[in-house]
$ cat start.cif   # mmCIF, C-alpha atoms and all ligand atoms
data_final
#
loop_
_atom_site.group_PDB
_atom_site.id
_atom_site.type_symbol
_atom_site.label_atom_id
_atom_site.label_comp_id
_atom_site.auth_asym_id
_atom_site.auth_seq_id
_atom_site.Cartn_x
_atom_site.Cartn_y
_atom_site.Cartn_z
ATOM 1 C CA MET A 29 109.204 118.158 140.057
ATOM 2 C CA THR A 30 111.288 116.358 142.620
ATOM 3 C CA GLN A 31 112.087 113.145 140.815
ATOM 4 C CA GLU A 32 114.856 112.087 143.227
ATOM 5 C CA HIS A 33 112.478 112.043 146.180
ATOM 6 C CA ASP A 34 109.506 110.726 144.285
ATOM 7 C CA PRO A 35 108.382 107.556 146.041
ATOM 8 C CA GLY A 36 106.670 106.450 142.820
ATOM 9 C CA PRO A 37 103.130 105.224 142.550
ATOM 10 C CA SER A 38 101.432 103.985 145.694
ATOM 11 C CA PRO A 39 101.382 100.218 146.248
ATOM 12 C CA ALA A 40 97.574 100.379 146.349
ATOM 13 C CA ALA A 41 97.362 102.066 142.918
ATOM 14 C CA LEU A 42 99.861 99.599 141.477
ATOM 15 C CA GLU A 43 97.927 96.657 142.840
ATOM 16 C CA ALA A 44 94.593 98.009 141.599
ATOM 17 C CA ALA A 45 96.031 98.622 138.123
ATOM 18 C CA ARG A 46 97.589 95.171 138.049
ATOM 19 C CA THR A 47 94.310 93.528 139.034
ATOM 20 C CA ALA A 48 92.384 95.487 136.384
ATOM 21 C CA LEU A 49 94.902 94.472 133.727
ATOM 22 C CA ALA A 50 94.779 90.832 134.775
ATOM 23 C CA GLY A 51 90.977 90.834 134.482
ATOM 24 C CA ALA A 52 90.690 92.803 131.232
ATOM 25 C CA ARG A 53 89.575 90.952 128.118
ATOM 26 C CA ARG A 54 90.509 93.491 125.453
ATOM 27 C CA ILE A 55 93.617 95.471 126.288
ATOM 28 C CA VAL A 56 95.001 98.317 124.170
ATOM 29 C CA VAL A 57 98.447 99.682 124.970
ATOM 30 C CA LEU A 58 99.543 103.003 123.457
ATOM 31 C CA THR A 59 103.232 103.807 123.689
ATOM 32 C CA GLY A 60 105.376 106.856 122.974
ATOM 33 C CA ALA A 61 109.030 107.815 123.002
ATOM 34 C CA GLY A 62 109.281 107.500 126.812
ATOM 35 C CA ILE A 63 109.157 103.709 126.630
ATOM 36 C CA SER A 64 112.446 103.738 124.723
ATOM 37 C CA ALA A 65 114.110 106.292 127.022
ATOM 38 C CA GLU A 66 115.608 103.551 129.185
ATOM 39 C CA SER A 67 117.120 102.023 126.034
ATOM 40 C CA GLY A 68 119.070 105.264 125.691
ATOM 41 C CA ILE A 69 116.918 106.681 122.892
ATOM 42 C CA ALA A 70 116.115 110.358 123.361
ATOM 43 C CA THR A 71 112.468 111.395 123.548
ATOM 44 C CA PHE A 72 111.253 114.405 121.562
ATOM 45 C CA ARG A 73 110.178 116.954 124.128
ATOM 46 C CA ASP A 74 112.170 116.179 127.269
ATOM 47 C CA PRO A 75 115.321 118.304 127.889
ATOM 48 C CA GLY A 76 118.038 117.017 125.548
ATOM 49 C CA GLY A 77 115.306 115.464 123.392
ATOM 50 C CA LEU A 78 115.273 115.140 119.641
ATOM 51 C CA TRP A 79 113.463 118.433 119.106
ATOM 52 C CA ASP A 80 115.697 120.294 121.589
ATOM 53 C CA GLY A 81 117.707 122.825 119.585
ATOM 54 C CA PHE A 82 115.810 122.078 116.373
ATOM 55 C CA LYS A 83 112.642 123.351 114.870
ATOM 56 C CA ALA A 84 110.962 120.046 114.186
ATOM 57 C CA GLU A 85 109.530 121.416 110.944
ATOM 58 C CA ASP A 86 113.089 122.015 109.672
ATOM 59 C CA LEU A 87 113.760 118.277 109.821
ATOM 60 C CA ALA A 88 110.539 116.361 109.778
ATOM 61 C CA SER A 89 108.449 117.906 107.041
ATOM 62 C CA PRO A 90 107.937 117.441 103.302
ATOM 63 C CA ALA A 91 109.213 121.003 102.744
ATOM 64 C CA ALA A 92 112.457 120.311 104.635
ATOM 65 C CA PHE A 93 113.014 117.152 102.605
ATOM 66 C CA ALA A 94 112.328 118.940 99.319
ATOM 67 C CA ARG A 95 114.840 121.653 100.311
ATOM 68 C CA ASP A 96 117.660 119.376 101.409
ATOM 69 C CA PRO A 97 117.067 115.610 101.265
ATOM 70 C CA ALA A 98 120.640 114.751 102.254
ATOM 71 C CA PHE A 99 120.425 116.895 105.421
ATOM 72 C CA VAL A 100 117.131 115.361 106.473
ATOM 73 C CA TRP A 101 118.430 111.863 105.699
ATOM 74 C CA GLY A 102 121.558 112.561 107.737
ATOM 75 C CA TRP A 103 119.407 113.163 110.802
ATOM 76 C CA TYR A 104 117.308 110.050 110.227
ATOM 77 C CA ASP A 105 120.348 107.933 109.473
ATOM 78 C CA ALA A 106 121.967 109.043 112.737
ATOM 79 C CA ARG A 107 118.801 107.915 114.529
ATOM 80 C CA ARG A 108 118.939 104.563 112.716
ATOM 81 C CA VAL A 109 122.537 104.106 113.832
ATOM 82 C CA ARG A 110 121.692 104.954 117.465
ATOM 83 C CA VAL A 111 118.651 102.683 117.551
ATOM 84 C CA ALA A 112 120.553 99.810 115.890
ATOM 85 C CA ALA A 113 123.086 99.996 118.722
ATOM 86 C CA ALA A 114 120.360 100.111 121.404
ATOM 87 C CA LYS A 115 118.494 97.214 122.950
ATOM 88 C CA PRO A 116 114.870 96.790 123.987
ATOM 89 C CA ASN A 117 114.459 97.414 127.711
ATOM 90 C CA PRO A 118 112.364 95.657 130.385
ATOM 91 C CA ALA A 119 109.303 97.770 129.493
ATOM 92 C CA HIS A 120 109.329 96.598 125.858
ATOM 93 C CA ARG A 121 109.849 93.034 127.049
ATOM 94 C CA ALA A 122 107.023 93.272 129.606
ATOM 95 C CA LEU A 123 104.576 94.284 126.871
ATOM 96 C CA ALA A 124 105.777 91.475 124.600
ATOM 97 C CA ALA A 125 105.257 89.032 127.480
ATOM 98 C CA LEU A 126 101.771 90.425 128.139
ATOM 99 C CA GLU A 127 100.916 89.946 124.465
ATOM 100 C CA ARG A 128 102.070 86.316 124.599
ATOM 101 C CA ALA A 129 100.122 85.721 127.796
ATOM 102 C CA ARG A 130 96.903 87.201 126.383
ATOM 103 C CA PRO A 131 96.589 86.001 122.783
ATOM 104 C CA GLY A 132 93.756 87.673 120.916
ATOM 105 C CA ALA A 133 93.110 90.075 123.773
ATOM 106 C CA PHE A 134 95.911 92.533 123.236
ATOM 107 C CA THR A 135 96.643 95.326 120.747
ATOM 108 C CA LEU A 136 99.835 97.346 120.860
ATOM 109 C CA VAL A 137 99.705 100.778 119.230
ATOM 110 C CA THR A 138 102.898 102.791 119.097
ATOM 111 C CA GLN A 139 103.883 106.264 118.021
ATOM 112 C CA ASN A 140 107.482 105.114 117.973
ATOM 113 C CA VAL A 141 109.397 104.517 114.769
ATOM 114 C CA ASP A 142 112.342 102.706 116.359
ATOM 115 C CA GLY A 143 111.211 99.085 116.010
ATOM 116 C CA LEU A 144 112.239 98.208 119.582
ATOM 117 C CA HIS A 145 108.833 96.666 120.363
ATOM 118 C CA GLN A 146 109.318 94.166 117.529
ATOM 119 C CA ARG A 147 112.856 93.412 118.644
ATOM 120 C CA ALA A 148 111.492 92.664 122.137
ATOM 121 C CA GLY A 149 109.066 90.153 120.616
ATOM 122 C CA SER A 150 105.876 92.120 119.990
ATOM 123 C CA VAL A 151 104.217 90.843 116.844
ATOM 124 C CA GLU A 152 103.242 93.569 114.391
ATOM 125 C CA PRO A 153 102.398 96.480 116.655
ATOM 126 C CA ILE A 154 100.336 99.160 114.931
ATOM 127 C CA GLU A 155 102.895 101.799 113.966
ATOM 128 C CA LEU A 156 100.987 105.081 113.799
ATOM 129 C CA HIS A 157 103.977 107.172 112.739
ATOM 130 C CA GLY A 158 105.678 104.717 110.402
ATOM 131 C CA SER A 159 109.126 103.241 110.880
ATOM 132 C CA LEU A 160 112.743 104.347 110.676
ATOM 133 C CA TRP A 161 113.397 101.049 108.890
ATOM 134 C CA LEU A 162 110.969 101.708 106.051
ATOM 135 C CA LEU A 163 112.106 103.509 102.901
ATOM 136 C CA ARG A 164 109.522 104.921 100.500
ATOM 137 C CA CYS A 165 110.213 105.943 96.921
ATOM 138 C CA THR A 166 109.303 109.526 96.055
ATOM 139 C CA GLY A 167 108.935 108.452 92.401
ATOM 140 C CA CYS A 168 106.986 105.190 92.155
ATOM 141 C CA GLY A 169 105.791 105.049 95.786
ATOM 142 C CA SER A 170 107.138 101.555 96.437
ATOM 143 C CA GLU A 171 108.277 100.729 99.949
ATOM 144 C CA ARG A 172 111.010 98.479 101.264
ATOM 145 C CA ARG A 173 112.455 97.547 104.634
ATOM 146 C CA ASP A 174 116.175 98.104 105.089
ATOM 147 C CA LEU A 175 117.986 97.537 108.359
ATOM 148 C CA THR A 176 121.366 98.853 107.202
ATOM 149 C CA ALA A 177 122.816 101.538 109.464
ATOM 150 C CA PRO A 178 124.510 103.684 108.332
ATOM 151 C CA LEU A 179 122.886 103.815 104.920
ATOM 152 C CA THR A 180 125.056 104.626 101.923
ATOM 153 C CA PRO A 181 124.737 106.556 99.736
ATOM 154 C CA LEU A 182 122.429 109.188 101.138
ATOM 155 C CA PRO A 183 119.813 109.897 99.996
ATOM 156 C CA PRO A 184 119.142 106.291 98.993
ATOM 157 C CA ALA A 185 117.749 105.503 95.543
ATOM 158 C CA CYS A 186 114.801 103.275 94.695
ATOM 159 C CA PRO A 187 115.996 99.904 93.368
ATOM 160 C CA ARG A 188 113.085 99.909 90.903
ATOM 161 C CA CYS A 189 112.975 103.404 89.417
ATOM 162 C CA ARG A 190 116.143 105.080 90.833
ATOM 163 C CA ALA A 191 114.214 108.069 92.244
ATOM 164 C CA ILE A 192 115.170 109.319 95.726
ATOM 165 C CA GLU A 193 113.662 107.436 98.642
ATOM 166 C CA ARG A 194 112.398 109.141 101.785
ATOM 167 C CA PRO A 195 112.138 107.852 105.345
ATOM 168 C CA GLY A 196 108.896 105.910 105.837
ATOM 169 C CA VAL A 197 107.835 108.033 108.774
ATOM 170 C CA VAL A 198 104.985 110.483 109.221
ATOM 171 C CA TRP A 199 106.075 114.109 108.974
ATOM 172 C CA PHE A 200 104.476 117.307 110.218
ATOM 173 C CA GLY A 201 101.589 118.229 107.977
ATOM 174 C CA GLU A 202 101.082 114.648 106.798
ATOM 175 C CA PHE A 203 98.291 112.212 107.500
ATOM 176 C CA LEU A 204 98.842 109.082 109.522
ATOM 177 C CA PRO A 205 98.698 105.799 107.594
ATOM 178 C CA GLU A 206 94.940 105.454 107.314
ATOM 179 C CA GLU A 207 94.614 101.721 107.760
ATOM 180 C CA ALA A 208 96.828 101.771 110.869
ATOM 181 C CA PHE A 209 94.869 104.594 112.471
ATOM 182 C CA LEU A 210 91.506 102.981 111.711
ATOM 183 C CA ARG A 211 92.676 99.742 113.307
ATOM 184 C CA ALA A 212 93.889 101.634 116.371
ATOM 185 C CA GLU A 213 90.591 103.487 116.671
ATOM 186 C CA ALA A 214 88.612 100.264 116.344
ATOM 187 C CA ALA A 215 90.778 98.611 118.989
ATOM 188 C CA VAL A 216 90.141 101.487 121.428
ATOM 189 C CA GLU A 217 86.403 101.308 120.745
ATOM 190 C CA ALA A 218 86.426 97.593 121.556
ATOM 191 C CA ALA A 219 88.824 97.818 124.513
ATOM 192 C CA ASP A 220 87.884 97.285 128.117
ATOM 193 C CA LEU A 221 91.203 98.707 129.350
ATOM 194 C CA VAL A 222 93.708 101.143 127.858
ATOM 195 C CA LEU A 223 97.278 101.446 129.118
ATOM 196 C CA VAL A 224 99.214 104.553 128.012
ATOM 197 C CA VAL A 225 102.991 104.452 128.402
ATOM 198 C CA GLY A 226 105.653 107.094 127.862
ATOM 199 C CA THR A 227 103.842 109.621 125.743
ATOM 200 C CA SER A 228 103.339 113.321 126.423
ATOM 201 C CA ASN A 229 99.871 113.017 124.815
ATOM 202 C CA LEU A 230 100.574 116.255 122.980
ATOM 203 C CA VAL A 231 100.436 115.008 119.406
ATOM 204 C CA HIS A 232 97.164 114.413 117.638
ATOM 205 C CA PRO A 233 95.575 112.331 116.305
ATOM 206 C CA ALA A 234 97.371 109.729 118.473
ATOM 207 C CA ALA A 235 96.440 111.603 121.665
ATOM 208 C CA GLY A 236 92.821 111.487 120.527
ATOM 209 C CA LEU A 237 92.886 107.741 121.190
ATOM 210 C CA VAL A 238 93.589 108.498 124.845
ATOM 211 C CA VAL A 239 90.819 111.080 124.958
ATOM 212 C CA ARG A 240 88.436 108.532 123.474
ATOM 213 C CA ALA A 241 89.379 105.902 126.063
ATOM 214 C CA ILE A 242 88.684 108.410 128.846
ATOM 215 C CA GLU A 243 85.383 109.397 127.223
ATOM 216 C CA ARG A 244 84.363 105.750 127.046
ATOM 217 C CA ASP A 245 84.845 105.587 130.799
ATOM 218 C CA ILE A 246 86.764 102.312 130.690
ATOM 219 C CA PRO A 247 89.661 101.716 133.083
ATOM 220 C CA THR A 248 92.724 103.656 131.940
ATOM 221 C CA ILE A 249 96.294 103.477 133.232
ATOM 222 C CA GLU A 250 99.091 105.957 132.560
ATOM 223 C CA VAL A 251 102.745 105.088 133.187
ATOM 224 C CA ASN A 252 104.942 108.175 132.989
ATOM 225 C CA PRO A 253 107.377 109.794 135.453
ATOM 226 C CA GLU A 254 105.648 113.127 134.737
ATOM 227 C CA PRO A 255 101.849 113.163 134.903
ATOM 228 C CA THR A 256 100.533 114.272 131.497
ATOM 229 C CA ARG A 257 97.659 116.591 130.614
ATOM 230 C CA TYR A 258 95.290 113.601 130.810
ATOM 231 C CA ALA A 259 96.595 112.099 134.056
ATOM 232 C CA GLU A 260 93.680 113.522 136.011
ATOM 233 C CA GLY A 261 91.232 111.746 133.731
ATOM 234 C CA MET A 262 92.961 108.385 134.106
ATOM 235 C CA THR A 263 91.734 105.727 136.498
ATOM 236 C CA TRP A 264 95.324 105.227 137.631
ATOM 237 C CA ALA A 265 98.220 107.567 136.780
ATOM 238 C CA LEU A 266 101.313 105.655 137.859
ATOM 239 C CA ALA A 267 104.196 108.116 138.201
ATOM 240 C CA GLY A 268 107.315 106.154 137.386
ATOM 241 C CA LYS A 269 109.625 104.888 134.689
ATOM 242 C CA ALA A 270 108.167 102.385 132.271
ATOM 243 C CA GLY A 271 111.114 100.008 132.652
ATOM 244 C CA VAL A 272 110.565 99.873 136.409
ATOM 245 C CA VAL A 273 106.788 100.081 136.742
ATOM 246 C CA LEU A 274 105.705 97.779 133.905
ATOM 247 C CA PRO A 275 107.736 94.645 134.485
ATOM 248 C CA SER A 276 107.771 94.535 138.239
ATOM 249 C CA ARG A 277 104.382 95.707 139.273
ATOM 250 C CA VAL A 278 101.826 96.085 136.527
ATOM 251 C CA THR A 279 101.958 93.557 133.749
ATOM 252 C CA ASP A 280 102.836 90.448 135.726
ATOM 253 C CA GLY A 281 100.177 88.504 137.443
HETATM 254 P P1 LIG B 301 107.465 113.131 123.839
HETATM 255 O O1 LIG B 301 108.924 113.429 123.770
HETATM 256 O O2 LIG B 301 106.511 114.217 123.498
HETATM 257 O O3 LIG B 301 107.088 112.627 125.292
HETATM 258 C C1 LIG B 301 107.834 111.632 125.930
HETATM 259 C C2 LIG B 301 107.145 111.279 127.225
HETATM 260 O O4 LIG B 301 107.841 110.202 127.817
HETATM 261 C C3 LIG B 301 107.105 112.411 128.252
HETATM 262 O O5 LIG B 301 105.785 112.549 128.754
HETATM 263 C C4 LIG B 301 108.066 111.926 129.347
HETATM 264 O O6 LIG B 301 107.663 112.349 130.659
HETATM 265 C C5 LIG B 301 107.926 110.429 129.207
HETATM 266 N N1 LIG B 301 109.073 109.643 129.709
HETATM 267 C C6 LIG B 301 110.385 109.979 129.776
HETATM 268 N N2 LIG B 301 111.113 108.975 130.291
HETATM 269 C C7 LIG B 301 110.241 107.966 130.546
HETATM 270 C C8 LIG B 301 110.380 106.637 131.092
HETATM 271 N N3 LIG B 301 111.567 106.160 131.474
HETATM 272 N N4 LIG B 301 109.266 105.877 131.209
HETATM 273 C C9 LIG B 301 108.049 106.349 130.836
HETATM 274 N N5 LIG B 301 107.862 107.587 130.313
HETATM 275 C C10 LIG B 301 108.942 108.378 130.173
HETATM 276 O O7 LIG B 301 107.226 111.811 122.945
HETATM 277 P P2 LIG B 301 105.865 111.271 122.290
HETATM 278 O O8 LIG B 301 104.701 111.518 123.171
HETATM 279 O O9 LIG B 301 106.117 109.889 121.840
HETATM 280 O O10 LIG B 301 105.940 112.206 116.034
HETATM 281 O O11 LIG B 301 105.761 112.204 121.026
HETATM 282 C C11 LIG B 301 104.725 111.994 120.121
HETATM 283 C C12 LIG B 301 105.190 112.282 118.728
HETATM 284 O O12 LIG B 301 105.773 113.599 118.683
HETATM 285 C C13 LIG B 301 106.312 111.407 118.220
HETATM 286 O O13 LIG B 301 105.833 110.159 117.731
HETATM 287 C C14 LIG B 301 106.879 112.222 117.122
HETATM 288 C C15 LIG B 301 106.919 113.592 117.781
HETATM 289 O O14 LIG B 301 106.763 114.676 116.948
HETATM 290 C C16 LIG B 301 106.387 112.214 114.773
HETATM 291 O O15 LIG B 301 107.575 112.259 114.500
HETATM 292 C C17 LIG B 301 105.285 112.140 113.770
#

$ encode --input "start.cif" --output "structure tokens"
Amino acid sequence: MTQEHDPGPSPAALEAARTALAGARRIVVLTGAGISAESGIATFRDPGGLWDGFKAEDLASPAAFARDPAFVWGWYDARRVRVAAAKPNPAHRALAALERARPGAFTLVTQNVDGLHQRAGSVEPIELHGSLWLLRCTGCGSERRDLTAPLTPLPPACPRCRAIERPGVVWFGEFLPEEAFLRAEAAVEAADLVLVVGTSNLVHPAAGLVVRAIERDIPTIEVNPEPTRYAEGMTWALAGKAGVVLPSRVTDG
């Protein structure tokens, strides 16, 4: 891939996507780690990404946590610290602005756990993979939000029953939060346009939402510097960075 010489998406494709978005009545946006890349947060599968040099199952699985909760927490706490120091970028802000401009017509679904959409002003995006800022008790199951970074002591203890808490994220081998996934599915079924930003589309069931949008034959837009496995099936695959493509050319209008 010759990124340096990539002229980016054609003006005609950008204009067509922008017009479709402006005319859509029920928009679903699905985001992945790539939308936070320009905030300095590593993605998972790009070179230098979070899974680079790790076997994901050694960090993000119930078995890894049972083996060494402090080690797993150390990795999550380092991510909390990095995200706390980062800022939402123009792509997050463009989606928050789109949501404000289209009340009742917009659903944001994210695979990200970083909370940057909310910090940019998005109101309660559907978080398919949980949140770095959610702590869940392994004893009584209660959940709490905690924005402290770094957290001490690690692993943290439940204020109610003193059992160890775990990160409130979805791990390999676990189910997605059912209510969140059902809402996302329903939103895709009702959508008349789906915009997919910064995800490799490799992880199911989230990627299944994209497949479903393509199957429904509604207008679909991908924004990603690298065309994904589903780019061919998209109405418009806009090859470019989310922080450049979204604010300047797609979501305004
Ligand atoms: P990946 O790391 O798999 O993919 C990131 C995508 O972002 C790639 O397709 C990149 O080309 C793209 N990208 C990079 N920079 C970008 C930019 N500036 N603008 C737009 N796109 C850019 O991340 P996800 O698809 O989010 O799950 O990964 C899905 C899930 O896999 C994650 O939620 C996580 C991981 O395992 C759990 O932890 C449960």

$ atom_distance --input "start.cif" --atom1 "CA of Ala112 in chain A" --atom2 "CA of Leu175 in chain A"
8.3 Å

$ closest_residue --input "start.cif" --among "A:Ala234, A:Ala84, A:Val225, A:Ala215" --to "Gly268 in chain A" --atoms "all atoms listed in the file"
A:Val225

$ closest_residue --input "start.cif" --among "A:Leu179, A:Val197, A:Val151, A:Val56" --to "ligand LIG 301 (chain B)" --atoms "all atoms listed in the file"
A:Val197

$ atom_distance --input "start.cif" --atom1 "CA of Arg130 in chain A" --atom2 "CA of Ala241 in chain A"
20.2 Å

$ resolve_selection --input "start.cif" --expression "the PyMOL selection byres (((chain A and resi 65) around 12) and not hetatm)" --output "VMD selection string"
chain A and resid 59 to 64 66 to 74 76 to 78 111 114 to 120 140 142 144 225 to 227 252 to 253 269 to 272

$ closest_residue --input "start.cif" --among "A:His145, A:Arg173, A:His157, A:Arg110" --to "ligand LIG 301 (chain B)" --atoms "all atoms listed in the file"
A:His157

$ atom_distance --input "start.cif" --atom1 "CA of Ala265 in chain A" --atom2 "atom C16 of ligand LIG 301 (chain B)"
23.9 Å

$ resolve_selection --input "start.cif" --expression "the PyMOL selection byres (((chain A and resi 223) around 9) and not hetatm)" --output "mmCIF file with C-alpha atoms, in the frame of the given file"
data_model
loop_
_atom_site.group_PDB
_atom_site.id
_atom_site.type_symbol
_atom_site.label_atom_id
_atom_site.label_comp_id
_atom_site.auth_asym_id
_atom_site.auth_seq_id
_atom_site.Cartn_x
_atom_site.Cartn_y
_atom_site.Cartn_z
ATOM 1 C CA LEU A 49 94.902 94.472 133.727
ATOM 2 C CA ILE A 55 93.617 95.471 126.288
ATOM 3 C CA VAL A 56 95.001 98.317 124.170
ATOM 4 C CA VAL A 57 98.447 99.682 124.970
ATOM 5 C CA LEU A 58 99.543 103.003 123.457
ATOM 6 C CA THR A 59 103.232 103.807 123.689
ATOM 7 C CA LEU A 221 91.203 98.707 129.350
ATOM 8 C CA VAL A 222 93.708 101.143 127.858
ATOM 9 C CA VAL A 224 99.214 104.553 128.012
ATOM 10 C CA VAL A 225 102.991 104.452 128.402
ATOM 11 C CA PRO A 247 89.661 101.716 133.083
ATOM 12 C CA THR A 248 92.724 103.656 131.940
ATOM 13 C CA ILE A 249 96.294 103.477 133.232
ATOM 14 C CA GLU A 250 99.091 105.957 132.560
ATOM 15 C CA VAL A 251 102.745 105.088 133.187
#

$ residues_around --input "start.cif" --residues "Ser150 in chain A" --least-positions-apart "4" --cutoff "12 Å" --atoms "all atoms listed in the file" --output "short mmCIF file (atom, residue, chain, number, x, y, z; two decimals) with C-alpha atoms, keeping the file's coordinate frame"
data_model
loop_
_atom_site.label_atom_id
_atom_site.label_comp_id
_atom_site.auth_asym_id
_atom_site.auth_seq_id
_atom_site.Cartn_x
_atom_site.Cartn_y
_atom_site.Cartn_z
CA VAL A 57 98.45 99.68 124.97
CA PRO A 116 114.87 96.79 123.99
CA ALA A 119 109.30 97.77 129.49
CA HIS A 120 109.33 96.60 125.86
CA ARG A 121 109.85 93.03 127.05
CA ALA A 122 107.02 93.27 129.61
CA LEU A 123 104.58 94.28 126.87
CA ALA A 124 105.78 91.48 124.60
CA ALA A 125 105.26 89.03 127.48
CA LEU A 126 101.77 90.42 128.14
CA GLU A 127 100.92 89.95 124.46
CA ARG A 128 102.07 86.32 124.60
CA ALA A 129 100.12 85.72 127.80
CA PRO A 131 96.59 86.00 122.78
CA PHE A 134 95.91 92.53 123.24
CA THR A 135 96.64 95.33 120.75
CA LEU A 136 99.84 97.35 120.86
CA VAL A 137 99.70 100.78 119.23
CA THR A 138 102.90 102.79 119.10
CA GLY A 143 111.21 99.08 116.01
CA LEU A 144 112.24 98.21 119.58
CA HIS A 145 108.83 96.67 120.36
CA GLN A 146 109.32 94.17 117.53
CA ILE A 154 100.34 99.16 114.93
CA GLU A 155 102.90 101.80 113.97
#

$ resolve_selection --input "start.cif" --expression "the PyMOL selection byres (((chain A and resi 243) around 12) and not hetatm)" --output "list in words"
Val216, Glu217, Val222, Gly236, Leu237, Val238, Val239, Arg240, Ala241, Ile242, Arg244, Asp245, Ile246, Pro247, Thr248, Tyr258, Gly261, Met262 and Thr263 of chain A

$ axis_aligned_box --input "start.cif" --around "range 50-64 of chain A" --padding-each-side "8 Å" --output "lines of an AutoDock Vina configuration file"
center_x = 101.0
center_y = 99.3
center_z = 128.9
size_x = 38.9
size_y = 33.0
size_z = 27.8

$ closest_residue --input "start.cif" --among "A:Pro75, A:Gly167, A:Pro90, A:Pro178" --to "Ala113 in chain A" --atoms "only C-alpha atoms"
A:Pro178

$ closest_residue --input "start.cif" --among "A:Leu87, A:Ala92, A:Cys165, A:Ala218" --to "ligand LIG 301 (chain B)" --atoms "all atoms listed in the file"
A:Leu87

$ residues_around --input "start.cif" --residues "Phe93 in chain A" --least-positions-apart "5" --cutoff "12 Å" --atoms "only C-alpha atoms" --output "list in words"
Glu85, Asp86, Leu87, Ala88, Ala98, Phe99, Val100, Trp101, Gly102, Trp103, Tyr104, Thr166, Pro183, Ile192, Glu193, Arg194, Pro195, Trp199 and Phe200 of chain A

$ closest_residue --input "start.cif" --among "A:Pro184, A:Gly51, A:Gly36, A:Gly169" --to "ligand LIG 301 (chain B)" --atoms "all atoms listed in the file"
A:Gly36
